[in-house]
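Q: Okay, here's the structure, questions in a sec.
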Amino acid sequence: MTDLEKPYGIPLGCLISKDIKNLLLSGRCISMDAKVLATARIMPTCMAVGQAAGVCAGFAVSQKILPSQVQVNTVMEQLKSDGSILTA
């Protein structure tokens with residue numbers, strides 16, 4: 001059990017591999033504190049993280065840049081446009 005009291009966001013940087021330039025992570029593989037990871041493994045959160053990784057990958061490919069170079073605001077705007085919930 002965790003002692004988190006408030007909803008939290010998951011930064012896009014948690015999905016970007018520090019070792020492999022073109023790799024995005026999702027699910028249990030993302031970089032998170034163990035307390036937070038326990039709550040991030042639930043299905044709705046996993047689906048949202050996977051969608052964010054896919055959107056980021058799509059922008060990286062279409063712009064011919066690395067995932068780490070994709071602007072966070074661009075990903076967030078696309079997710080909002082797609083009807084994703086970004087805040088609690």
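A note on labels: chains of the structure tokens are A, B, ... as shown, every chain counts residues from 1, and ligands are counted from 1 in their shown order.
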Could you give me, as an NGL selection string, the residues within 6 Å of range 24-39 of chain A, counting only C-alpha atoms and dropping anything in the same chain fewer than 3 positions from it?

A: :A and (2 or 14-17 or 46 or 50)

Q: Limited to N, CA and C atoms, could you put the picked residues into a file as a compact mmCIF listing (two decimals), in the first residue's frame?

A:
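Result saved to part25.txt:
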```txt
# COMPACT_ATOMS: atom_id res chain seq x y z
N THR A 2 0.41 2.29 -0.63
CA THR A 2 1.18 3.53 -0.71
C THR A 2 0.61 4.57 0.23
N CYS A 14 9.35 10.02 -18.11
CA CYS A 14 9.34 8.68 -17.51
C CYS A 14 9.22 7.59 -18.57
N LEU A 15 8.78 7.96 -19.75
CA LEU A 15 8.55 6.98 -20.82
C LEU A 15 9.72 6.89 -21.80
N ILE A 16 10.71 7.75 -21.63
CA ILE A 16 11.81 7.83 -22.58
C ILE A 16 13.04 7.13 -22.01
N SER A 17 13.55 6.17 -22.74
CA SER A 17 14.72 5.42 -22.30
C SER A 17 15.93 6.34 -22.21
N CYS A 46 -2.33 2.43 -17.13
CA CYS A 46 -1.49 1.77 -18.13
C CYS A 46 -1.94 2.12 -19.54
N GLY A 50 0.32 4.16 -22.22
CA GLY A 50 0.54 3.57 -23.54
C GLY A 50 0.11 4.50 -24.67
```

Q: Quick one: which range 18-42 of chain A residues come within 10 Å of range 61-79 of chain A, and what is the nearest atom pair for each with the distance in Å to one decimal, counting only C-alpha atoms, rows ordered by chain and ascending number, as a tab-separated table?

A:
```
residue	atom	partner	partner_atom	distance
A:Lys18	CA	A:Ser68	CA	9.3
A:Lys21	CA	A:Leu66	CA	6.7
A:Asn22	CA	A:Leu66	CA	6.0
A:Leu23	CA	A:Pro67	CA	7.6
A:Leu24	CA	A:Pro67	CA	7.3
```

Q: With C-alpha atoms retained, could you export that selection as a short mmCIF file (atom, residue, chain, number, x, y, z; two decimals), in the first residue's frame?

A:
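Result file selection_9.cif:
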```cif
data_model
loop_
_atom_site.label_atom_id
_atom_site.label_comp_id
_atom_site.auth_asym_id
_atom_site.auth_seq_id
_atom_site.Cartn_x
_atom_site.Cartn_y
_atom_site.Cartn_z
CA LYS A 18 17.90 6.99 -20.99
CA LYS A 21 17.64 6.83 -28.09
CA ASN A 22 14.62 5.59 -30.07
CA LEU A 23 12.94 3.58 -27.30
CA LEU A 24 9.77 4.60 -25.47
#
```

Q: Which residue is closest to Ala52 in chain A? Choose from A:Ile20, A:Ile85, A:Leu12, A:Ala40 and count only C-alpha atoms.

A: A:Leu12

Q: Please report the interatomic distance between CA of Ala48 in chain A and CA of Leu86 in chain A in Å with one decimal.

A: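 Separation of CA of Ala48 in chain A and CA of Leu86 in chain A: 8.6 Å.
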
Q: Return as number ranges by chain the full set of residues in chain A whose backbone-based DSSP assignment is alpha helix (DSSP H).

A: A: 34-40, 43-63, 72-81

Q: Can I get the selection written as a PDB file, in the first residue's frame, with C-alpha atoms?

A:
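Result written to part-v1.pdb:
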```
ATOM      1  CA  ALA A  34       8.294   2.102  -6.302  1.00  0.00           C
ATOM      2  CA  LYS A  35       5.467   3.710  -4.291  1.00  0.00           C
ATOM      3  CA  VAL A  36       4.061   5.416  -7.355  1.00  0.00           C
ATOM      4  CA  LEU A  37       4.614   2.446  -9.659  1.00  0.00           C
ATOM      5  CA  ALA A  38       2.292   0.346  -7.505  1.00  0.00           C
ATOM      6  CA  THR A  39      -0.575   2.725  -8.281  1.00  0.00           C
ATOM      7  CA  ALA A  40       0.429   3.304 -11.916  1.00  0.00           C
ATOM      8  CA  MET A  43      -5.383  -0.672 -16.252  1.00  0.00           C
ATOM      9  CA  PRO A  44      -6.710   2.869 -16.878  1.00  0.00           C
ATOM     10  CA  THR A  45      -3.331   4.367 -16.047  1.00  0.00           C
ATOM     11  CA  CYS A  46      -1.491   1.766 -18.131  1.00  0.00           C
ATOM     12  CA  MET A  47      -3.745   2.535 -21.091  1.00  0.00           C
ATOM     13  CA  ALA A  48      -3.180   6.287 -20.713  1.00  0.00           C
ATOM     14  CA  VAL A  49       0.593   5.851 -20.491  1.00  0.00           C
ATOM     15  CA  GLY A  50       0.544   3.575 -23.542  1.00  0.00           C
ATOM     16  CA  GLN A  51      -1.480   6.121 -25.482  1.00  0.00           C
ATOM     17  CA  ALA A  52       0.961   8.888 -24.526  1.00  0.00           C
ATOM     18  CA  ALA A  53       3.901   6.724 -25.632  1.00  0.00           C
ATOM     19  CA  GLY A  54       2.176   6.055 -28.953  1.00  0.00           C
ATOM     20  CA  VAL A  55       1.417   9.721 -29.550  1.00  0.00           C
ATOM     21  CA  CYS A  56       5.010  10.660 -28.722  1.00  0.00           C
ATOM     22  CA  ALA A  57       6.327   7.945 -31.051  1.00  0.00           C
ATOM     23  CA  GLY A  58       4.050   9.152 -33.832  1.00  0.00           C
ATOM     24  CA  PHE A  59       5.285  12.725 -33.531  1.00  0.00           C
ATOM     25  CA  ALA A  60       8.919  11.569 -33.382  1.00  0.00           C
ATOM     26  CA  VAL A  61       8.532   9.543 -36.581  1.00  0.00           C
ATOM     27  CA  SER A  62       6.560  12.198 -38.467  1.00  0.00           C
ATOM     28  CA  GLN A  63       8.991  14.957 -37.479  1.00  0.00           C
ATOM     29  CA  VAL A  72       5.615  17.808 -24.257  1.00  0.00           C
ATOM     30  CA  ASN A  73       2.943  20.412 -25.042  1.00  0.00           C
ATOM     31  CA  THR A  74       2.463  18.884 -28.496  1.00  0.00           C
ATOM     32  CA  VAL A  75       1.806  15.465 -26.962  1.00  0.00           C
ATOM     33  CA  MET A  76      -0.518  16.935 -24.327  1.00  0.00           C
ATOM     34  CA  GLU A  77      -2.537  18.866 -26.901  1.00  0.00           C
ATOM     35  CA  GLN A  78      -2.975  15.754 -29.048  1.00  0.00           C
ATOM     36  CA  LEU A  79      -4.043  13.713 -26.021  1.00  0.00           C
ATOM     37  CA  LYS A  80      -6.567  16.406 -25.063  1.00  0.00           C
ATOM     38  CA  SER A  81      -7.830  16.495 -28.645  1.00  0.00           C
TER      39      SER A  81
END
```
